[in-house]
$ cat final.txt   # compact mmCIF, C-alpha atoms and all ligand atoms
# COMPACT_ATOMS: atom_id res chain seq x y z
CA MET A 1 -19.66 7.15 30.65
CA GLN A 2 -21.49 8.58 27.64
CA GLU A 3 -23.37 6.11 25.52
CA ARG A 4 -22.38 7.12 22.03
CA SER A 5 -19.38 8.78 20.50
CA ARG A 6 -19.52 12.51 19.82
CA VAL A 7 -16.79 12.29 17.18
CA ALA A 8 -18.65 9.70 15.13
CA PRO A 9 -22.02 8.72 16.55
CA TRP A 10 -22.60 6.91 13.23
CA ALA A 11 -19.54 4.66 13.60
CA PRO A 12 -20.25 0.91 13.94
CA PRO A 13 -21.38 -0.33 17.36
CA GLN A 14 -18.09 -2.14 18.00
CA ALA A 15 -16.23 1.20 17.66
CA GLN A 16 -18.47 3.12 20.10
CA PRO A 17 -16.93 2.06 23.44
CA ARG A 18 -13.37 2.87 22.31
CA LEU A 19 -14.41 6.22 20.85
CA ALA A 20 -16.37 7.16 23.96
CA GLU A 21 -13.55 6.09 26.28
CA LEU A 22 -11.05 8.26 24.42
CA GLU A 23 -13.40 11.22 24.24
CA ALA A 24 -13.72 11.15 28.00
CA GLU A 25 -9.92 11.01 28.29
CA VAL A 26 -9.07 13.87 25.94
CA SER A 27 -11.87 16.40 26.39
CA GLY A 28 -11.12 19.85 27.81
CA LEU A 29 -7.32 19.51 28.09
CA SER A 30 -5.09 22.54 28.59
CA LEU A 31 -2.29 23.44 26.18
CA ASP A 32 0.26 21.82 28.49
CA ALA A 33 -1.83 18.72 28.89
CA VAL A 34 -2.27 18.38 25.13
CA THR A 35 1.47 18.79 24.64
CA ARG A 36 2.19 16.07 27.19
CA LEU A 37 -0.44 13.82 25.67
CA VAL A 38 0.98 14.23 22.18
CA ASP A 39 4.49 13.46 23.46
CA ALA A 40 3.18 10.34 25.15
CA VAL A 41 1.39 9.20 21.99
CA LEU A 42 4.55 9.60 19.94
CA ALA A 43 6.68 7.78 22.51
CA GLU A 44 4.20 4.93 22.72
CA HIS A 45 3.99 4.61 18.96
CA ARG A 46 7.76 4.45 18.65
CA GLY A 47 7.79 1.82 21.36
CA ARG A 48 5.06 -0.36 19.99
CA LEU A 49 5.64 -0.50 16.26
CA ASP A 50 9.05 1.06 15.74
CA GLU A 51 10.94 -0.79 18.47
CA ASP A 52 8.97 -3.72 19.84
CA GLY A 53 6.60 -5.18 17.31
CA VAL A 54 7.12 -7.74 14.59
CA VAL A 55 5.37 -5.74 11.88
CA LEU A 56 4.16 -7.85 8.98
CA TYR A 57 1.40 -5.48 7.87
CA ALA A 58 1.65 -5.39 4.09
CA GLY A 59 0.84 -1.71 3.62
CA THR A 60 3.54 -0.05 5.71
CA ASN A 61 7.29 0.27 6.10
CA THR A 62 10.02 2.03 7.99
CA MET A 63 12.32 4.69 6.59
CA SER A 64 16.08 4.79 6.99
CA GLU A 65 17.58 7.27 9.45
CA ARG A 66 18.94 9.22 6.50
CA ALA A 67 15.46 9.57 4.99
CA ARG A 68 13.85 10.45 8.33
CA ALA A 69 16.44 13.14 8.91
CA ALA A 70 15.48 14.70 5.57
CA HIS A 71 11.92 15.43 6.68
CA GLU A 72 11.41 19.10 7.50
CA ILE A 73 7.74 19.61 8.14
CA SER A 74 7.83 23.37 7.61
CA LEU A 75 8.46 22.79 3.89
CA GLY A 76 4.95 21.39 3.77
CA CYS A 77 3.53 24.71 4.93
CA ARG A 78 4.92 26.44 1.81
CA PRO A 79 2.43 26.15 -1.00
CA SER A 80 4.28 25.63 -4.26
CA MET A 81 1.95 25.91 -7.22
CA GLY A 82 3.05 25.61 -10.84
CA TRP A 83 6.36 24.64 -12.46
CA PRO A 84 9.78 25.80 -11.29
CA GLY A 85 10.38 29.02 -13.23
CA ASP A 86 6.65 29.74 -13.45
CA LYS A 87 5.22 29.59 -9.95
CA ARG A 88 2.46 31.45 -8.24
CA GLN A 89 4.75 31.93 -5.23
CA THR A 90 8.13 33.56 -4.87
CA GLY A 91 11.03 32.53 -2.67
CA LEU A 92 10.81 28.79 -3.36
CA GLU A 93 13.98 28.34 -5.39
CA GLU A 94 15.20 25.54 -3.09
CA LEU A 95 11.98 23.64 -3.58
CA ASP A 96 12.47 23.84 -7.34
CA VAL A 97 15.45 21.53 -6.89
CA LEU A 98 13.34 18.79 -5.30
CA GLU A 99 10.51 19.27 -7.79
CA VAL A 100 12.91 18.46 -10.61
CA LEU A 101 15.01 15.82 -8.82
CA VAL A 102 12.21 13.58 -7.54
CA PRO A 103 10.21 13.15 -10.77
CA LEU A 104 13.44 12.26 -12.58
CA GLN A 105 14.36 9.70 -9.91
CA ILE A 106 10.92 8.07 -9.74
CA ALA A 107 10.55 7.91 -13.52
CA ALA A 108 13.99 6.32 -13.86
CA LEU A 109 13.43 3.73 -11.12
CA MET A 110 10.03 2.70 -12.47
CA GLY A 111 11.05 2.50 -16.11
CA GLY A 112 9.09 5.58 -17.17
CA GLU A 113 9.83 8.96 -18.70
CA PHE A 114 7.54 11.14 -16.60
CA ALA A 115 6.47 11.00 -12.96
CA GLU A 116 3.81 13.09 -11.23
CA VAL A 117 4.77 13.13 -7.55
CA ARG A 118 2.56 15.86 -6.09
CA LEU A 119 -0.34 13.56 -5.22
CA GLN A 120 -0.44 12.86 -1.50
CA SER A 121 -1.61 9.27 -1.81
CA ALA A 122 -2.06 6.47 -4.30
CA THR A 123 -5.80 6.96 -3.97
CA LEU A 124 -5.32 10.50 -5.29
CA ALA A 125 -2.94 9.18 -7.95
CA ASN A 126 -5.68 6.85 -9.14
CA LEU A 127 -8.23 9.66 -8.97
CA ALA A 128 -5.92 11.85 -11.05
CA CYS A 129 -5.87 9.14 -13.74
CA TYR A 130 -9.63 8.74 -13.61
CA SER A 131 -10.05 12.52 -13.84
CA ALA A 132 -7.69 12.74 -16.80
CA PHE A 133 -8.95 9.77 -18.80
CA ALA A 134 -12.54 8.97 -17.80
CA GLY A 135 -15.53 11.22 -17.20
CA PRO A 136 -18.69 10.77 -15.16
CA GLY A 137 -20.74 7.92 -16.61
CA ASP A 138 -17.75 6.27 -18.28
CA THR A 139 -16.82 2.73 -17.35
CA ILE A 140 -13.56 1.48 -15.87
CA ALA A 141 -12.79 -2.23 -15.54
CA VAL A 142 -10.97 -3.33 -12.39
CA LEU A 143 -10.07 -6.46 -10.47
CA PRO A 144 -12.93 -7.73 -8.30
CA GLN A 145 -12.63 -6.92 -4.61
CA ALA A 146 -12.35 -10.64 -3.89
CA ALA A 147 -9.19 -10.58 -6.01
CA GLY A 148 -7.78 -7.70 -3.96
CA GLY A 149 -9.13 -4.90 -6.17
CA HIS A 150 -8.56 -1.81 -4.04
CA THR A 151 -11.30 0.44 -2.67
CA SER A 152 -9.93 3.31 -4.76
CA HIS A 153 -10.74 1.24 -7.88
CA HIS A 154 -14.31 0.61 -6.81
CA ALA A 155 -17.60 2.45 -6.62
CA GLN A 156 -17.42 3.17 -2.87
CA GLY A 157 -14.01 4.79 -3.38
CA ALA A 158 -12.34 7.23 -5.75
CA ALA A 159 -13.93 5.71 -8.85
CA GLY A 160 -17.37 6.42 -7.43
CA ILE A 161 -16.33 9.94 -6.44
CA ARG A 162 -15.50 10.55 -10.12
CA GLY A 163 -18.94 9.20 -11.05
CA LEU A 164 -17.56 6.23 -12.94
CA ARG A 165 -19.28 2.95 -13.58
CA VAL A 166 -17.13 0.10 -12.35
CA ALA A 167 -17.09 -3.31 -14.01
CA ASP A 168 -15.26 -6.30 -12.52
CA LEU A 169 -12.74 -7.81 -14.91
CA PRO A 170 -13.25 -11.52 -15.59
CA TYR A 171 -10.88 -13.24 -13.17
CA ASP A 172 -9.32 -16.69 -13.06
CA THR A 173 -9.15 -17.68 -9.40
CA GLY A 174 -6.92 -20.69 -10.04
CA ARG A 175 -4.25 -18.68 -11.85
CA LEU A 176 -4.76 -15.50 -9.81
CA ASP A 177 -4.83 -13.46 -13.02
CA VAL A 178 -7.31 -11.94 -15.40
CA ASP A 179 -9.32 -14.56 -17.31
CA HIS A 180 -7.62 -13.86 -20.61
CA ALA A 181 -9.94 -16.05 -22.65
CA ALA A 182 -12.98 -14.08 -21.50
CA LEU A 183 -11.33 -10.65 -21.59
CA PRO A 184 -11.69 -9.60 -25.27
CA ALA A 185 -15.45 -10.21 -25.39
CA PHE A 186 -15.88 -8.54 -22.01
CA LEU A 187 -14.05 -5.43 -23.18
CA ARG A 188 -16.02 -5.28 -26.44
CA GLU A 189 -19.24 -5.38 -24.48
CA ARG A 190 -18.34 -2.99 -21.64
CA ARG A 191 -16.08 -0.56 -23.54
CA PRO A 192 -14.15 0.74 -20.54
CA ALA A 193 -12.13 3.93 -20.90
CA LEU A 194 -9.57 2.51 -18.51
CA VAL A 195 -8.57 -0.99 -17.41
CA VAL A 196 -6.95 -1.16 -13.98
CA LEU A 197 -4.66 -3.97 -12.82
CA GLY A 198 -3.04 -4.21 -9.41
CA ALA A 199 -4.44 -5.11 -6.03
CA SER A 200 -4.03 -5.14 -2.28
CA LEU A 201 -2.63 -8.66 -2.40
CA MET A 202 -0.13 -9.41 -5.15
CA LEU A 203 1.47 -12.83 -4.87
CA PHE A 204 2.23 -13.20 -8.59
CA PRO A 205 2.56 -10.93 -11.62
CA TYR A 206 -0.27 -10.47 -14.11
CA ASP A 207 0.07 -11.09 -17.83
CA VAL A 208 0.17 -7.37 -18.58
CA ALA A 209 1.13 -7.75 -22.25
CA ARG A 210 -1.93 -9.88 -22.91
CA VAL A 211 -4.25 -7.42 -21.18
CA ARG A 212 -2.66 -4.56 -23.14
CA ALA A 213 -3.29 -6.38 -26.43
CA ALA A 214 -6.96 -6.75 -25.51
CA CYS A 215 -7.14 -3.09 -24.45
CA ASP A 216 -5.74 -1.99 -27.80
CA GLU A 217 -8.61 -3.70 -29.59
CA VAL A 218 -11.13 -1.43 -27.88
CA GLY A 219 -8.98 1.69 -27.41
CA ALA A 220 -8.83 1.40 -23.60
CA LEU A 221 -5.91 2.72 -21.59
CA LEU A 222 -4.18 0.28 -19.23
CA LEU A 223 -3.34 1.48 -15.71
CA TYR A 224 -1.25 -0.71 -13.40
CA ASP A 225 -1.59 0.16 -9.72
CA ALA A 226 1.77 -0.81 -8.23
CA SER A 227 1.03 0.52 -4.75
CA HIS A 228 2.23 -2.60 -3.00
CA VAL A 229 4.98 -3.72 -5.34
CA ALA A 230 6.69 -0.42 -6.18
CA GLY A 231 9.72 -1.28 -4.05
CA LEU A 232 10.18 -4.57 -5.88
CA ILE A 233 9.75 -2.90 -9.25
CA ALA A 234 12.35 -0.31 -8.26
CA GLY A 235 14.76 -3.20 -7.68
CA GLY A 236 13.84 -4.86 -10.98
CA ARG A 237 12.52 -7.93 -9.19
CA PHE A 238 8.83 -7.90 -10.06
CA GLN A 239 7.21 -7.34 -13.42
CA ARG A 240 7.98 -3.90 -14.87
CA PRO A 241 4.49 -2.80 -15.93
CA LEU A 242 5.60 -0.02 -18.26
CA ASP A 243 8.00 -2.41 -20.04
CA GLU A 244 5.16 -4.90 -20.43
CA GLY A 245 2.69 -2.45 -21.94
CA ALA A 246 0.85 -0.52 -19.21
CA HIS A 247 0.20 3.05 -20.36
CA LEU A 248 0.21 4.33 -16.79
CA MET A 249 1.46 3.16 -13.43
CA THR A 250 0.33 4.48 -10.06
CA MET A 251 2.04 3.71 -6.76
CA SER A 252 2.17 4.42 -3.06
CA THR A 253 5.51 5.79 -1.92
CA TYR A 254 5.31 4.38 1.63
CA LYS A 255 4.53 0.67 1.26
CA SER A 256 7.23 -1.58 -0.19
CA PHE A 257 8.84 1.53 -1.68
CA GLY A 258 9.54 2.56 1.88
CA GLY A 259 9.40 6.33 1.60
CA PRO A 260 7.17 8.98 3.15
CA PRO A 261 3.39 8.73 2.61
CA GLY A 262 2.38 9.81 -0.87
CA GLY A 263 1.47 8.67 -4.35
CA ALA A 264 2.85 8.94 -7.86
CA VAL A 265 1.80 8.40 -11.47
CA VAL A 266 4.46 7.25 -13.95
CA THR A 267 4.23 6.94 -17.72
CA ARG A 268 6.35 7.03 -20.87
CA ASP A 269 3.84 9.08 -22.84
CA ALA A 270 4.25 12.87 -22.69
CA ASP A 271 0.65 13.49 -23.68
CA LEU A 272 -0.72 11.25 -20.94
CA ALA A 273 1.74 12.78 -18.46
CA ARG A 274 0.58 16.28 -19.35
CA GLN A 275 -3.03 15.35 -18.66
CA VAL A 276 -2.14 13.68 -15.36
CA ALA A 277 -0.15 16.78 -14.35
CA ALA A 278 -3.16 19.00 -15.02
CA ALA A 279 -5.34 16.68 -12.95
CA ALA A 280 -2.80 16.91 -10.12
CA TYR A 281 -2.52 20.69 -10.30
CA PRO A 282 -4.71 22.67 -10.56
CA GLY A 283 -7.10 19.70 -10.41
CA LEU A 284 -6.67 17.84 -7.14
CA THR A 285 -4.06 19.76 -5.20
CA ALA A 286 -3.06 23.28 -4.25
CA ASN A 287 -0.51 22.89 -1.46
CA TYR A 288 0.69 19.33 -1.97
CA ASP A 289 3.00 19.05 1.09
CA ALA A 290 6.42 19.44 -0.49
CA SER A 291 8.05 18.24 2.74
CA ARG A 292 7.50 14.68 1.44
CA LEU A 293 9.83 15.26 -1.46
CA ALA A 294 13.08 15.47 0.54
CA PRO A 295 12.80 12.04 2.21
CA LEU A 296 11.37 10.66 -1.02
CA ALA A 297 14.49 11.82 -2.85
CA VAL A 298 16.69 10.05 -0.29
CA VAL A 299 14.69 6.82 -0.47
CA ALA A 300 14.70 6.85 -4.28
CA ALA A 301 18.48 7.33 -4.21
CA GLU A 302 18.78 4.43 -1.74
CA HIS A 303 16.88 2.18 -4.15
CA ALA A 304 19.11 3.28 -7.02
CA ALA A 305 22.27 2.70 -5.00
CA GLY A 306 21.10 -0.61 -3.52
CA GLY A 307 20.09 -2.15 -6.84
CA SER A 308 18.00 -5.26 -6.42
CA GLY A 309 19.32 -6.16 -2.97
CA TYR A 310 16.34 -5.00 -0.95
CA ALA A 311 13.79 -6.50 -3.34
CA ASP A 312 15.68 -9.82 -3.34
CA ARG A 313 15.73 -9.89 0.46
CA CYS A 314 11.99 -9.09 0.72
CA ILE A 315 11.17 -11.89 -1.73
CA ALA A 316 13.51 -14.41 -0.10
CA ASN A 317 11.94 -13.66 3.28
CA ALA A 318 8.42 -14.12 1.89
CA GLY A 319 9.36 -17.48 0.39
CA ALA A 320 11.00 -18.60 3.63
CA LEU A 321 8.06 -17.43 5.72
CA ALA A 322 5.52 -19.16 3.47
CA ALA A 323 7.47 -22.43 3.70
CA ALA A 324 7.81 -22.10 7.47
CA LEU A 325 4.10 -21.37 7.90
CA ASP A 326 3.31 -24.40 5.78
CA ARG A 327 5.58 -26.55 7.99
CA GLU A 328 3.90 -25.17 11.11
CA GLY A 329 0.53 -26.39 9.86
CA PHE A 330 -0.99 -23.26 8.30
CA THR A 331 -2.83 -23.31 5.00
CA VAL A 332 -0.77 -20.95 2.88
CA VAL A 333 -2.61 -19.62 -0.18
CA ALA A 334 -1.46 -20.62 -3.69
CA ALA A 335 0.50 -23.71 -2.64
CA HIS A 336 0.08 -25.05 -6.19
CA ARG A 337 2.14 -22.14 -7.49
CA GLY A 338 4.76 -22.08 -4.76
CA TRP A 339 2.89 -19.57 -2.54
CA THR A 340 4.45 -16.31 -3.75
CA VAL A 341 7.05 -14.61 -5.91
CA SER A 342 6.57 -11.21 -4.25
CA HIS A 343 7.00 -9.91 -0.69
CA HIS A 344 3.39 -10.91 0.10
CA VAL A 345 2.14 -14.14 1.66
CA ALA A 346 -1.50 -15.03 2.33
CA VAL A 347 -2.82 -17.54 4.83
CA ASP A 348 -6.31 -19.03 5.01
CA ALA A 349 -7.51 -18.13 8.52
CA GLY A 350 -10.90 -19.80 8.25
CA ALA A 351 -9.95 -22.17 11.08
CA PHE A 352 -9.17 -19.23 13.39
CA GLY A 353 -12.42 -17.30 13.06
CA GLY A 354 -11.32 -15.42 9.93
CA GLY A 355 -8.58 -12.94 9.16
CA ASP A 356 -9.68 -10.02 11.32
CA GLU A 357 -10.14 -12.17 14.40
CA ALA A 358 -6.78 -13.87 13.88
CA ALA A 359 -5.07 -10.49 13.34
CA ARG A 360 -6.45 -9.21 16.65
CA LEU A 361 -5.02 -12.18 18.51
CA LEU A 362 -1.67 -11.90 16.76
CA ALA A 363 -1.47 -8.20 17.71
CA GLU A 364 -1.90 -9.12 21.37
CA GLY A 365 1.08 -11.38 20.89
CA GLY A 366 3.19 -8.61 19.30
CA VAL A 367 2.77 -9.65 15.65
CA TYR A 368 1.04 -7.01 13.54
CA LEU A 369 -0.70 -7.75 10.25
CA SER A 370 -4.21 -7.66 8.79
CA GLY A 371 -7.09 -9.66 7.45
CA VAL A 372 -7.64 -9.89 3.69
CA GLY A 373 -10.33 -11.31 1.42
CA LEU A 374 -9.17 -14.40 -0.44
CA PRO A 375 -9.68 -14.99 -4.16
CA GLY A 376 -12.49 -17.38 -4.95
CA ARG A 377 -14.40 -16.84 -1.72
CA PRO A 378 -18.05 -15.78 -1.92
CA ALA A 379 -18.68 -12.04 -2.28
CA GLY A 380 -19.63 -10.41 1.01
CA GLU A 381 -17.86 -13.03 3.16
CA PRO A 382 -15.89 -11.46 6.03
CA ARG A 383 -12.15 -11.34 5.34
CA ARG A 384 -11.10 -14.96 5.39
CA GLY A 385 -7.36 -14.62 5.07
CA LEU A 386 -4.32 -13.11 6.73
CA ARG A 387 -2.12 -10.88 4.60
CA ILE A 388 1.58 -10.69 5.33
CA GLY A 389 4.23 -8.38 3.87
CA THR A 390 7.92 -8.86 4.58
CA GLN A 391 9.14 -5.39 3.55
CA GLU A 392 9.41 -3.88 7.03
CA VAL A 393 11.04 -6.82 8.83
CA THR A 394 13.42 -7.07 5.88
CA ARG A 395 14.47 -3.46 6.33
CA ARG A 396 14.93 -4.10 10.01
CA GLY A 397 17.40 -6.87 9.26
CA PHE A 398 15.35 -10.07 9.59
CA GLY A 399 16.64 -12.73 7.21
CA PRO A 400 15.21 -16.04 5.94
CA ASP A 401 16.66 -17.82 9.01
CA THR A 402 14.47 -15.72 11.30
CA MET A 403 11.28 -16.49 9.36
CA GLY A 404 10.96 -19.88 11.06
CA GLU A 405 10.82 -18.10 14.40
CA VAL A 406 8.20 -15.67 13.12
CA ALA A 407 6.08 -18.57 11.87
CA ALA A 408 6.48 -20.30 15.24
CA LEU A 409 5.15 -17.20 17.05
CA MET A 410 2.10 -17.29 14.80
CA ARG A 411 1.61 -21.03 15.37
CA ARG A 412 1.81 -20.63 19.14
CA LEU A 413 -0.85 -17.90 19.08
CA LEU A 414 -3.26 -19.29 16.51
CA ILE A 415 -2.81 -23.07 16.53
CA ASP A 416 -1.46 -23.88 20.01
CA GLY A 417 -3.61 -21.27 21.74
CA GLN A 418 -0.82 -20.06 24.03
CA THR A 419 -1.53 -16.91 26.04
CA PRO A 420 -0.65 -13.78 24.06
CA ALA A 421 1.31 -12.22 26.94
CA LYS A 422 3.74 -15.13 26.92
CA VAL A 423 4.22 -15.09 23.15
CA ARG A 424 4.55 -11.33 23.20
CA ARG A 425 7.66 -11.57 25.40
CA ASP A 426 9.27 -13.84 22.83
CA ALA A 427 8.17 -11.60 19.96
CA LEU A 428 9.94 -8.69 21.68
CA ALA A 429 13.01 -10.82 22.32
CA LEU A 430 13.12 -11.86 18.67
CA ARG A 431 12.89 -8.26 17.62
CA ARG A 432 15.62 -7.20 20.05
CA ALA A 433 17.91 -9.99 18.92
CA ILE A 434 18.11 -8.48 15.42
CA PRO A 435 20.96 -5.96 15.43
C1 LIG B 501 -2.82 0.92 -0.54
C2 LIG B 501 -3.35 0.94 -1.93
C3 LIG B 501 -3.84 2.12 -2.49
C4 LIG B 501 -4.00 3.37 -1.67
O1 LIG B 501 -2.82 3.93 -1.31
P1 LIG B 501 -2.85 5.23 -0.41
O2 LIG B 501 -1.52 5.84 -0.69
O3 LIG B 501 -2.98 4.72 0.99
O4 LIG B 501 -3.99 6.06 -0.83
C5 LIG B 501 -4.24 2.12 -3.80
N1 LIG B 501 -4.20 1.00 -4.54
C6 LIG B 501 -3.76 -0.17 -4.03
C7 LIG B 501 -3.74 -1.38 -4.90
C8 LIG B 501 -3.34 -0.23 -2.71
O5 LIG B 501 -2.93 -1.39 -2.20
$ encode --input "final.txt" --output "structure tokens" --more "lines below"
Ligand SMILES: *Cc1c(COP(=O)(O)O)cnc(C)c1O
Amino acid sequence: MQERSRVAPWAPPQAQPRLAELEAEVSGLSLDAVTRLVDAVLAEHRGRLDEDGVVLYAGTNTMSERARAAHEISLGCRPSMGWPGDKRQTGLEELDVLEVLVPLQIAALMGGEFAEVRLQSATLANLACYSAFAGPGDTIAVLPQAAGGHTSHHAQGAAGIRGLRVADLPYDTGRLDVDHAALPAFLRERRPALVVLGASLMLFPYDVARVRAACDEVGALLLYDASHVAGLIAGGRFQRPLDEGAHLMTMSTYKSFGGPPGGAVVTRDADLARQVAAAAYPGLTANYDASRLAPLAVVAAEHAAGGSGYADRCIANAGALAAALDREGFTVVAAHRGWTVSHHVAVDAGAFGGGDEAARLLAEGGVYLSGVGLPGRPAGEPRRGLRIGTQEVTRRGFGPDTMGEVAALMRRLLIDGQTPAKVRRDALALRRAIP
């Protein structure tokens, strides 16, 4: 077998064998062979994650049948540039309907007036805000990576692409919130154009009103990245950032929100919305894949019709799972605050070789989740924790009663050291037992 990958010879050494193995498998295939291979990939994916696995990965979800049925990929091959009534293209009158419906739905659910929904990801939604409100050389202040600050907030991500300087907000590890006492002086010194709240792990709300008051003193805009918690916000069961003073809110449409992949920016301010819209088009998109909008419309309508039910169930499951993990002998993060008020739970996996190592073992046993850095750990330490999100199992019908069984699967794999194949059978059985 070849020594190094041809696709990415620069990829890390641990990736090389897998890349090389696959390259050998897929090189030089005929049209028929590629078609068969693609069919097999899709079937296997449906089997593994959509039918068999206990998926606790925090950044994913599953769509309802109704929403899936609304996805027509050919819509995405129709570039639609400009506003309904003033487009570059002709013959897109049907698309106009979605382009008006979806922004109205998303704005209403999130407590805003305006929603920009053409951005294909939350990373691009954040970049649109940076492009609109901060120029190269300007500073933005964001949560430290150890506090879950997302790559798209940091210098190696979208913020760096925009040429921004990135300053870490002062952070209070005990309270898992901005260090409000230190914030005003910090902002006076660093003078950020934009302050960004929101993270990849959100167990508790932030004191948004207090951050907004400090932002006002220095004329900074406040952006709340609700990528993970958008589904809870839609149900009115997590803080409503625009009610509490954020100027702008960005979100992913496919995590707890449970729609197709994509991003959105929501605000109450027409002037800010106009600048975000210009950053979205003609700034960052031409064809934006309008096929996303149909399932997104269905999912938004499901949230509106379902009220707070889904958010309540996600949160109840997270609380039940945290308590069960604690009973099983795991160190659940933030015990002093009752572990979580969101759909997220974090576990200290230091005793199991760290989060990534533990996640690999859990996957062999049919439980899918990821490692995460934990607040208060030294910078540069490998991901110490496990991050859990209950949104997908909630949608699949798991209730608080089942969370004890999920925690037991994790205990058997990580604490008891049972063989993954054995636990995997029970993980599948648990999954099958849910109607
Ligand atoms: C996942 C995430 C993003 C990126 O979302 P994509 O839609 O995958 O680009 C941005 N910000 C936060 C806080 C996230 O958790």
$ residues_near_point --input "final.txt" --point "(-2.1, 7.8, 2.5)" --cutoff "12 Å" --atoms "all atoms listed in the file" --output "PyMOL selection string"
chain A and resi 59-60+119-125+152+227+251-255+259-264+292
$ closest_residue --input "final.txt" --among "A:Ala134, A:Ala213, A:Leu98, A:Val393" --to "Ala279 in chain A" --atoms "only C-alpha atoms"
A:Ala134
$ atom_distance --input "final.txt" --atom1 "CA of Glu405 in chain A" --atom2 "CA of Ala320 in chain A"
10.8 Å
$ atom_distance --input "final.txt" --atom1 "CA of Leu101 in chain A" --atom2 "CA of Val298 in chain A"
10.4 Å
$ axis_aligned_box --input "final.txt" --around "range 121-133 of chain A" --padding-each-side "3 Å" --output "JSON"
{"center_x": -5.8, "center_y": 9.6, "center_z": -10.3, "size_x": 14.4, "size_y": 12.3, "size_z": 23.0}
$ closest_residue --input "final.txt" --among "A:Ala69, A:Ala185, A:Ala234, A:Ala40" --to "Ala301 in chain A" --atoms "only C-alpha atoms"
A:Ala234
$ residues_near_point --input "final.txt" --point "(5.3, -23.0, 8.7)" --cutoff "10 Å" --atoms "only C-alpha atoms" --output "ChimeraX atom specification"
/A:320-332,403-408,410-411
$ residues_around --input "final.txt" --residues "range 136-147 of chain A" --least-positions-apart "5" --cutoff "9 Å" --atoms "all atoms listed in the file" --output "number ranges by chain"
A: 130-131, 153-154, 159-160, 162-171, 173, 176-178, 187, 190-201, 372-380
$ write_last_selection --input "final.txt" --atoms "C-alpha atoms" --output "PDB file, in the frame of the given file"
ATOM      1  CA  TYR A 130      -9.630   8.740 -13.610  1.00  0.00           C
ATOM      2  CA  SER A 131     -10.050  12.520 -13.840  1.00  0.00           C
ATOM      3  CA  HIS A 153     -10.740   1.240  -7.880  1.00  0.00           C
ATOM      4  CA  HIS A 154     -14.310   0.610  -6.810  1.00  0.00           C
ATOM      5  CA  ALA A 159     -13.930   5.710  -8.850  1.00  0.00           C
ATOM      6  CA  GLY A 160     -17.370   6.420  -7.430  1.00  0.00           C
ATOM      7  CA  ARG A 162     -15.500  10.550 -10.120  1.00  0.00           C
ATOM      8  CA  GLY A 163     -18.940   9.200 -11.050  1.00  0.00           C
ATOM      9  CA  LEU A 164     -17.560   6.230 -12.940  1.00  0.00           C
ATOM     10  CA  ARG A 165     -19.280   2.950 -13.580  1.00  0.00           C
ATOM     11  CA  VAL A 166     -17.130   0.100 -12.350  1.00  0.00           C
ATOM     12  CA  ALA A 167     -17.090  -3.310 -14.010  1.00  0.00           C
ATOM     13  CA  ASP A 168     -15.260  -6.300 -12.520  1.00  0.00           C
ATOM     14  CA  LEU A 169     -12.740  -7.810 -14.910  1.00  0.00           C
ATOM     15  CA  PRO A 170     -13.250 -11.520 -15.590  1.00  0.00           C
ATOM     16  CA  TYR A 171     -10.880 -13.240 -13.170  1.00  0.00           C
ATOM     17  CA  THR A 173      -9.150 -17.680  -9.400  1.00  0.00           C
ATOM     18  CA  LEU A 176      -4.760 -15.500  -9.810  1.00  0.00           C
ATOM     19  CA  ASP A 177      -4.830 -13.460 -13.020  1.00  0.00           C
ATOM     20  CA  VAL A 178      -7.310 -11.940 -15.400  1.00  0.00           C
ATOM     21  CA  LEU A 187     -14.050  -5.430 -23.180  1.00  0.00           C
ATOM     22  CA  ARG A 190     -18.340  -2.990 -21.640  1.00  0.00           C
ATOM     23  CA  ARG A 191     -16.080  -0.560 -23.540  1.00  0.00           C
ATOM     24  CA  PRO A 192     -14.150   0.740 -20.540  1.00  0.00           C
ATOM     25  CA  ALA A 193     -12.130   3.930 -20.900  1.00  0.00           C
ATOM     26  CA  LEU A 194      -9.570   2.510 -18.510  1.00  0.00           C
ATOM     27  CA  VAL A 195      -8.570  -0.990 -17.410  1.00  0.00           C
ATOM     28  CA  VAL A 196      -6.950  -1.160 -13.980  1.00  0.00           C
ATOM     29  CA  LEU A 197      -4.660  -3.970 -12.820  1.00  0.00           C
ATOM     30  CA  GLY A 198      -3.040  -4.210  -9.410  1.00  0.00           C
ATOM     31  CA  ALA A 199      -4.440  -5.110  -6.030  1.00  0.00           C
ATOM     32  CA  SER A 200      -4.030  -5.140  -2.280  1.00  0.00           C
ATOM     33  CA  LEU A 201      -2.630  -8.660  -2.400  1.00  0.00           C
ATOM     34  CA  VAL A 372      -7.640  -9.890   3.690  1.00  0.00           C
ATOM     35  CA  GLY A 373     -10.330 -11.310   1.420  1.00  0.00           C
ATOM     36  CA  LEU A 374      -9.170 -14.400  -0.440  1.00  0.00           C
ATOM     37  CA  PRO A 375      -9.680 -14.990  -4.160  1.00  0.00           C
ATOM     38  CA  GLY A 376     -12.490 -17.380  -4.950  1.00  0.00           C
ATOM     39  CA  ARG A 377     -14.400 -16.840  -1.720  1.00  0.00           C
ATOM     40  CA  PRO A 378     -18.050 -15.780  -1.920  1.00  0.00           C
ATOM     41  CA  ALA A 379     -18.680 -12.040  -2.280  1.00  0.00           C
ATOM     42  CA  GLY A 380     -19.630 -10.410   1.010  1.00  0.00           C
TER      43      GLY A 380
END
$ closest_residue --input "final.txt" --among "A:Thr62, A:Ser291, A:Gln156, A:Thr151" --to "ligand LIG 501 (chain B)" --atoms "only C-alpha atoms and all ligand atoms"
A:Thr151
